[in-house]
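A short write-up of the structure that comes next.
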Amino acid sequence: MRLSYLTDVTRKVSEGSLQQEVLDATDAAFGRLPDDLDRMAQLLAAPDSTMSARIAFLFGRADETTLNGVRRVIDRMRQVISRKISWSCTWSKRGQPDYYAYVFTNVDPMQAGQLFVYLDERYKLAEEDGLDNRYLTLAHEFSHLAAKTLDHAYAHDCFWTPGKPMGNCIRWSEHVSLTPYDPDRAVENADCYGYLMAATFRRTGAPCPTP
């Protein structure tokens, strides 16, 4: 895996509109992901009580069906990240103040020679509370690229409690689903994997609110 930055990113650093610290944090996050994904696969193979509680908290239940769904996504992420391809970070043309990053999933990551992560305005903010950190963001986006996960819910909407609704993707729609939290949808949800990785390996500025 090789991480590169396109000229629009490096230009922002030279202009002073993007801090070098952002690139350093991104390098560090990408550097940790391969080993963390391998370790996650081991933990999911025979989850202990802590991992079972974390899976139940993020995915609504920790039965074998749910675990198998989570394992499939992690295994797909491991397959893709092991490829000798270039991961290129480019700056978004959208300039959305409430976006962290995004990717396009209309290519087969096992066939593509280069994959792109589009960084956006919120990505360059300081990591203050451990919830919105760059490791979590990159794990989230990588789950999109590798396993075509979806954005059913973000942040605290991902955390299960009995009878809690799981909102739709509120950034693009004001509609919020009132149906019960659905573990089948949680297994598809990118932020659940971001939190799973960040909480398990403490890759946050402060502890994630997970078991």
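Chain labels A, B, ... are given in the sequence in which chains occur in the structure tokens; within each chain residues are numbered consecutively from 1, and ligands are likewise numbered from 1 in the order shown.
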
- Neighbour list for range 110-116 of chain A as a ChimeraX atom specification, cut-off 9 Å, only C-alpha atoms, skip fewer than 5 positions in-chain: /A:79-80,83-90,102-104,145-146

Deliver the residues from the most recent selection as a file, using N, CA and C atoms, as an mmCIF file, in the first residue's frame.
data_model
loop_
_atom_site.group_PDB
_atom_site.id
_atom_site.type_symbol
_atom_site.label_atom_id
_atom_site.label_comp_id
_atom_site.auth_asym_id
_atom_site.auth_seq_id
_atom_site.Cartn_x
_atom_site.Cartn_y
_atom_site.Cartn_z
ATOM 1 N N GLN A 79 -8.416 -7.767 2.512
ATOM 2 C CA GLN A 79 -8.026 -8.152 1.155
ATOM 3 C C GLN A 79 -7.610 -6.938 0.336
ATOM 4 N N VAL A 80 -8.419 -5.899 0.401
ATOM 5 C CA VAL A 80 -8.160 -4.724 -0.428
ATOM 6 C C VAL A 80 -6.928 -3.967 0.054
ATOM 7 N N ARG A 83 -3.422 -5.064 -1.132
ATOM 8 C CA ARG A 83 -3.006 -4.877 -2.525
ATOM 9 C C ARG A 83 -1.942 -3.789 -2.625
ATOM 10 N N LYS A 84 -1.026 -3.983 -3.555
ATOM 11 C CA LYS A 84 0.027 -2.988 -3.784
ATOM 12 C C LYS A 84 -0.505 -1.934 -4.745
ATOM 13 N N ILE A 85 -1.321 -1.070 -4.205
ATOM 14 C CA ILE A 85 -1.925 -0.016 -5.006
ATOM 15 C C ILE A 85 -1.669 1.322 -4.337
ATOM 16 N N SER A 86 -1.974 2.360 -5.052
ATOM 17 C CA SER A 86 -1.773 3.709 -4.530
ATOM 18 C C SER A 86 -3.081 4.243 -3.983
ATOM 19 N N TRP A 87 -3.031 4.717 -2.742
ATOM 20 C CA TRP A 87 -4.163 5.410 -2.139
ATOM 21 C C TRP A 87 -3.881 6.897 -2.235
ATOM 22 N N SER A 88 -4.668 7.595 -3.002
ATOM 23 C CA SER A 88 -4.401 9.011 -3.243
ATOM 24 C C SER A 88 -5.431 9.873 -2.535
ATOM 25 N N CYS A 89 -4.948 10.801 -1.738
ATOM 26 C CA CYS A 89 -5.822 11.763 -1.080
ATOM 27 C C CYS A 89 -5.848 13.039 -1.912
ATOM 28 N N THR A 90 -7.029 13.461 -2.264
ATOM 29 C CA THR A 90 -7.196 14.693 -3.017
ATOM 30 C C THR A 90 -8.181 15.576 -2.275
ATOM 31 N N TYR A 102 -15.046 11.688 1.543
ATOM 32 C CA TYR A 102 -15.947 10.799 0.818
ATOM 33 C C TYR A 102 -15.156 10.043 -0.234
ATOM 34 N N VAL A 103 -15.763 8.979 -0.754
ATOM 35 C CA VAL A 103 -15.153 8.160 -1.797
ATOM 36 C C VAL A 103 -16.221 7.824 -2.822
ATOM 37 N N PHE A 104 -15.785 7.354 -3.969
ATOM 38 C CA PHE A 104 -16.693 6.816 -4.973
ATOM 39 C C PHE A 104 -16.501 5.307 -5.011
ATOM 40 N N LEU A 145 -15.027 1.836 0.384
ATOM 41 C CA LEU A 145 -14.262 1.423 -0.790
ATOM 42 C C LEU A 145 -14.167 -0.094 -0.903
ATOM 43 N N ALA A 146 -13.838 -0.742 0.193
ATOM 44 C CA ALA A 146 -13.549 -2.169 0.154
ATOM 45 C C ALA A 146 -14.800 -3.033 0.145
#

- Message: Applying 6 Å and only C-alpha atoms, which residues near range 57-68 of chain A remain after dropping the ones on its own chain fewer than 2 positions away? List them as JSON, numbers by chain.
- Response: {"A": [52, 54, 55, 70, 71, 159, 160, 183, 186, 192]}

Could you pull the residues within 10 Å of range 93-98 of chain A, counting only C-alpha atoms, minus those fewer than 6 positions along the same chain, as an mmCIF file with N, CA and C atoms, in the first residue's frame?
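Written output follows (result.cif):
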data_model
loop_
_atom_site.group_PDB
_atom_site.id
_atom_site.type_symbol
_atom_site.label_atom_id
_atom_site.label_comp_id
_atom_site.auth_asym_id
_atom_site.auth_seq_id
_atom_site.Cartn_x
_atom_site.Cartn_y
_atom_site.Cartn_z
ATOM 1 N N ASP A 8 -3.326 19.166 -5.264
ATOM 2 C CA ASP A 8 -4.232 20.109 -4.605
ATOM 3 C C ASP A 8 -4.093 20.056 -3.089
ATOM 4 N N TYR A 118 -11.417 11.546 -1.015
ATOM 5 C CA TYR A 118 -11.605 12.984 -1.172
ATOM 6 C C TYR A 118 -11.791 13.608 0.206
ATOM 7 N N LEU A 119 -10.819 14.390 0.621
ATOM 8 C CA LEU A 119 -10.886 15.061 1.915
ATOM 9 C C LEU A 119 -11.684 16.346 1.779
ATOM 10 N N ASP A 120 -12.453 16.674 2.822
ATOM 11 C CA ASP A 120 -13.259 17.887 2.757
ATOM 12 C C ASP A 120 -13.003 18.755 3.981
ATOM 13 N N GLU A 121 -13.705 19.882 4.056
ATOM 14 C CA GLU A 121 -13.354 20.951 4.988
ATOM 15 C C GLU A 121 -13.259 20.497 6.448
ATOM 16 N N ARG A 122 -14.187 19.680 6.892
ATOM 17 C CA ARG A 122 -14.194 19.311 8.311
ATOM 18 C C ARG A 122 -13.028 18.393 8.674
ATOM 19 N N TYR A 123 -12.472 17.736 7.687
ATOM 20 C CA TYR A 123 -11.361 16.816 7.941
ATOM 21 C C TYR A 123 -10.144 17.533 8.522
ATOM 22 N N ARG A 171 -27.651 13.753 6.639
ATOM 23 C CA ARG A 171 -26.956 14.825 5.933
ATOM 24 C C ARG A 171 -27.608 15.108 4.583
#

- CA of Asn133 in chain A to CA of Val13 in chain A: how many Å, to one decimal? 19.4 Å

- Item | Polymer residues at most 9 Å from Ile81 in chain A, only C-alpha atoms, same-chain spacing of 5 or more positions, as an MDAnalysis selection string | chainID A and resid 1 33:34 76 142 146

Store the residues picked out above in a file with C-alpha atoms, as a PDB file, in the first residue's frame.
ATOM      1  CA  MET A   1       0.000   0.000   0.000  1.00  0.00           C
ATOM      2  CA  LEU A  33      -4.834   0.091   9.420  1.00  0.00           C
ATOM      3  CA  PRO A  34      -3.305  -3.090   7.893  1.00  0.00           C
ATOM      4  CA  ARG A  76     -12.888  -7.629   2.570  1.00  0.00           C
ATOM      5  CA  PHE A 142     -12.129   2.503   3.573  1.00  0.00           C
ATOM      6  CA  ALA A 146     -13.549  -2.169   0.154  1.00  0.00           C
TER       7      ALA A 146
END

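Within range 9-191 of chain A, DSSP applied to the backbone places the following residues in strand (DSSP E or B): Ser86, Trp87, Ser88, Cys89, Thr90, Trp91, Ala101, Tyr102, Gln114, Leu115, Phe116, Val117, Tyr118, Leu119, Leu150, Pro165, Pro180 and Asn189 of chain A.
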
Write a file of the selected residues as a PDB file, in the first residue's frame, keeping N, CA and C atoms.
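Done, and the output landed in result16.pdb:
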ATOM      1  N   SER A  86      -1.974   2.360  -5.052  1.00  0.00           N
ATOM      2  CA  SER A  86      -1.773   3.709  -4.530  1.00  0.00           C
ATOM      3  C   SER A  86      -3.081   4.243  -3.983  1.00  0.00           C
ATOM      4  N   TRP A  87      -3.031   4.717  -2.742  1.00  0.00           N
ATOM      5  CA  TRP A  87      -4.163   5.410  -2.139  1.00  0.00           C
ATOM      6  C   TRP A  87      -3.881   6.897  -2.235  1.00  0.00           C
ATOM      7  N   SER A  88      -4.668   7.595  -3.002  1.00  0.00           N
ATOM      8  CA  SER A  88      -4.401   9.011  -3.243  1.00  0.00           C
ATOM      9  C   SER A  88      -5.431   9.873  -2.535  1.00  0.00           C
ATOM     10  N   CYS A  89      -4.948  10.801  -1.738  1.00  0.00           N
ATOM     11  CA  CYS A  89      -5.822  11.763  -1.080  1.00  0.00           C
ATOM     12  C   CYS A  89      -5.848  13.039  -1.912  1.00  0.00           C
ATOM     13  N   THR A  90      -7.029  13.461  -2.264  1.00  0.00           N
ATOM     14  CA  THR A  90      -7.196  14.693  -3.017  1.00  0.00           C
ATOM     15  C   THR A  90      -8.181  15.576  -2.275  1.00  0.00           C
ATOM     16  N   TRP A  91      -8.152  16.870  -2.551  1.00  0.00           N
ATOM     17  CA  TRP A  91      -9.042  17.771  -1.833  1.00  0.00           C
ATOM     18  C   TRP A  91     -10.353  17.900  -2.581  1.00  0.00           C
ATOM     19  N   ALA A 101     -14.932  13.514   4.646  1.00  0.00           N
ATOM     20  CA  ALA A 101     -14.304  12.894   3.487  1.00  0.00           C
ATOM     21  C   ALA A 101     -15.369  12.078   2.763  1.00  0.00           C
ATOM     22  N   TYR A 102     -15.046  11.688   1.543  1.00  0.00           N
ATOM     23  CA  TYR A 102     -15.947  10.799   0.818  1.00  0.00           C
ATOM     24  C   TYR A 102     -15.156  10.043  -0.234  1.00  0.00           C
ATOM     25  N   GLN A 114      -5.534   2.498  -8.657  1.00  0.00           N
ATOM     26  CA  GLN A 114      -5.429   3.634  -7.752  1.00  0.00           C
ATOM     27  C   GLN A 114      -6.810   3.901  -7.166  1.00  0.00           C
ATOM     28  N   LEU A 115      -6.871   4.169  -5.875  1.00  0.00           N
ATOM     29  CA  LEU A 115      -8.117   4.490  -5.203  1.00  0.00           C
ATOM     30  C   LEU A 115      -7.989   5.869  -4.567  1.00  0.00           C
ATOM     31  N   PHE A 116      -9.081   6.623  -4.574  1.00  0.00           N
ATOM     32  CA  PHE A 116      -9.040   8.009  -4.139  1.00  0.00           C
ATOM     33  C   PHE A 116      -9.896   8.224  -2.896  1.00  0.00           C
ATOM     34  N   VAL A 117      -9.388   8.996  -1.971  1.00  0.00           N
ATOM     35  CA  VAL A 117     -10.146   9.495  -0.839  1.00  0.00           C
ATOM     36  C   VAL A 117     -10.204  11.008  -0.985  1.00  0.00           C
ATOM     37  N   TYR A 118     -11.417  11.546  -1.015  1.00  0.00           N
ATOM     38  CA  TYR A 118     -11.605  12.984  -1.172  1.00  0.00           C
ATOM     39  C   TYR A 118     -11.791  13.608   0.206  1.00  0.00           C
ATOM     40  N   LEU A 119     -10.819  14.390   0.621  1.00  0.00           N
ATOM     41  CA  LEU A 119     -10.886  15.061   1.915  1.00  0.00           C
ATOM     42  C   LEU A 119     -11.684  16.346   1.779  1.00  0.00           C
ATOM     43  N   LEU A 150     -22.612   1.331   3.670  1.00  0.00           N
ATOM     44  CA  LEU A 150     -23.525   2.442   3.408  1.00  0.00           C
ATOM     45  C   LEU A 150     -23.501   3.426   4.572  1.00  0.00           C
ATOM     46  N   PRO A 165     -34.589   4.201  17.590  1.00  0.00           N
ATOM     47  CA  PRO A 165     -34.639   4.220  16.135  1.00  0.00           C
ATOM     48  C   PRO A 165     -33.257   4.442  15.556  1.00  0.00           C
ATOM     49  N   PRO A 180     -37.442   0.463  14.512  1.00  0.00           N
ATOM     50  CA  PRO A 180     -36.451   0.082  15.519  1.00  0.00           C
ATOM     51  C   PRO A 180     -35.061  -0.072  14.908  1.00  0.00           C
ATOM     52  N   ASN A 189     -23.403  -0.519   7.893  1.00  0.00           N
ATOM     53  CA  ASN A 189     -23.192   0.900   8.179  1.00  0.00           C
ATOM     54  C   ASN A 189     -21.715   1.241   8.402  1.00  0.00           C
TER      55      ASN A 189
END

- Residue neighbourhood Val73 in chain A, 9 Å, only C-alpha atoms, exclusion window fewer than 3 positions, as an MDAnalysis selection string: chainID A and resid 68:70 76:78 143 146:149 187:188 193

File of the preceding selection, N, CA and C atoms, as an mmCIF file, in the first residue's frame:
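See again-v5.cif below for the written result:
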data_model
loop_
_atom_site.group_PDB
_atom_site.id
_atom_site.type_symbol
_atom_site.label_atom_id
_atom_site.label_comp_id
_atom_site.auth_asym_id
_atom_site.auth_seq_id
_atom_site.Cartn_x
_atom_site.Cartn_y
_atom_site.Cartn_z
ATOM 1 N N ASN A 68 -20.821 -12.886 11.700
ATOM 2 C CA ASN A 68 -20.394 -13.284 10.359
ATOM 3 C C ASN A 68 -20.469 -12.117 9.384
ATOM 4 N N GLY A 69 -21.492 -11.284 9.533
ATOM 5 C CA GLY A 69 -21.589 -10.102 8.682
ATOM 6 C C GLY A 69 -20.442 -9.141 8.915
ATOM 7 N N VAL A 70 -20.094 -8.924 10.177
ATOM 8 C CA VAL A 70 -18.972 -8.036 10.509
ATOM 9 C C VAL A 70 -17.661 -8.644 10.016
ATOM 10 N N ARG A 76 -12.972 -8.343 3.843
ATOM 11 C CA ARG A 76 -12.888 -7.629 2.570
ATOM 12 C C ARG A 76 -11.935 -6.435 2.689
ATOM 13 N N MET A 77 -11.995 -5.735 3.787
ATOM 14 C CA MET A 77 -11.075 -4.618 4.009
ATOM 15 C C MET A 77 -9.627 -5.107 4.040
ATOM 16 N N ARG A 78 -9.391 -6.252 4.660
ATOM 17 C CA ARG A 78 -8.037 -6.807 4.708
ATOM 18 C C ARG A 78 -7.538 -7.190 3.320
ATOM 19 N N SER A 143 -14.041 1.322 4.540
ATOM 20 C CA SER A 143 -15.092 0.297 4.509
ATOM 21 C C SER A 143 -16.023 0.514 3.323
ATOM 22 N N ALA A 146 -13.838 -0.742 0.193
ATOM 23 C CA ALA A 146 -13.549 -2.169 0.154
ATOM 24 C C ALA A 146 -14.800 -3.033 0.145
ATOM 25 N N ALA A 147 -15.783 -2.668 0.963
ATOM 26 C CA ALA A 147 -16.941 -3.540 1.173
ATOM 27 C C ALA A 147 -18.263 -2.901 0.790
ATOM 28 N N LYS A 148 -18.197 -1.696 0.215
ATOM 29 C CA LYS A 148 -19.410 -0.982 -0.211
ATOM 30 C C LYS A 148 -20.417 -0.833 0.930
ATOM 31 N N THR A 149 -19.904 -0.514 2.114
ATOM 32 C CA THR A 149 -20.803 -0.195 3.215
ATOM 33 C C THR A 149 -21.579 1.077 2.894
ATOM 34 N N VAL A 187 -24.918 -3.714 10.239
ATOM 35 C CA VAL A 187 -23.806 -4.455 9.641
ATOM 36 C C VAL A 187 -23.369 -3.824 8.327
ATOM 37 N N GLU A 188 -24.264 -3.095 7.680
ATOM 38 C CA GLU A 188 -23.933 -2.401 6.432
ATOM 39 C C GLU A 188 -23.383 -0.995 6.668
ATOM 40 N N TYR A 193 -18.190 0.551 11.634
ATOM 41 C CA TYR A 193 -16.843 -0.013 11.490
ATOM 42 C C TYR A 193 -15.779 0.998 11.893
#
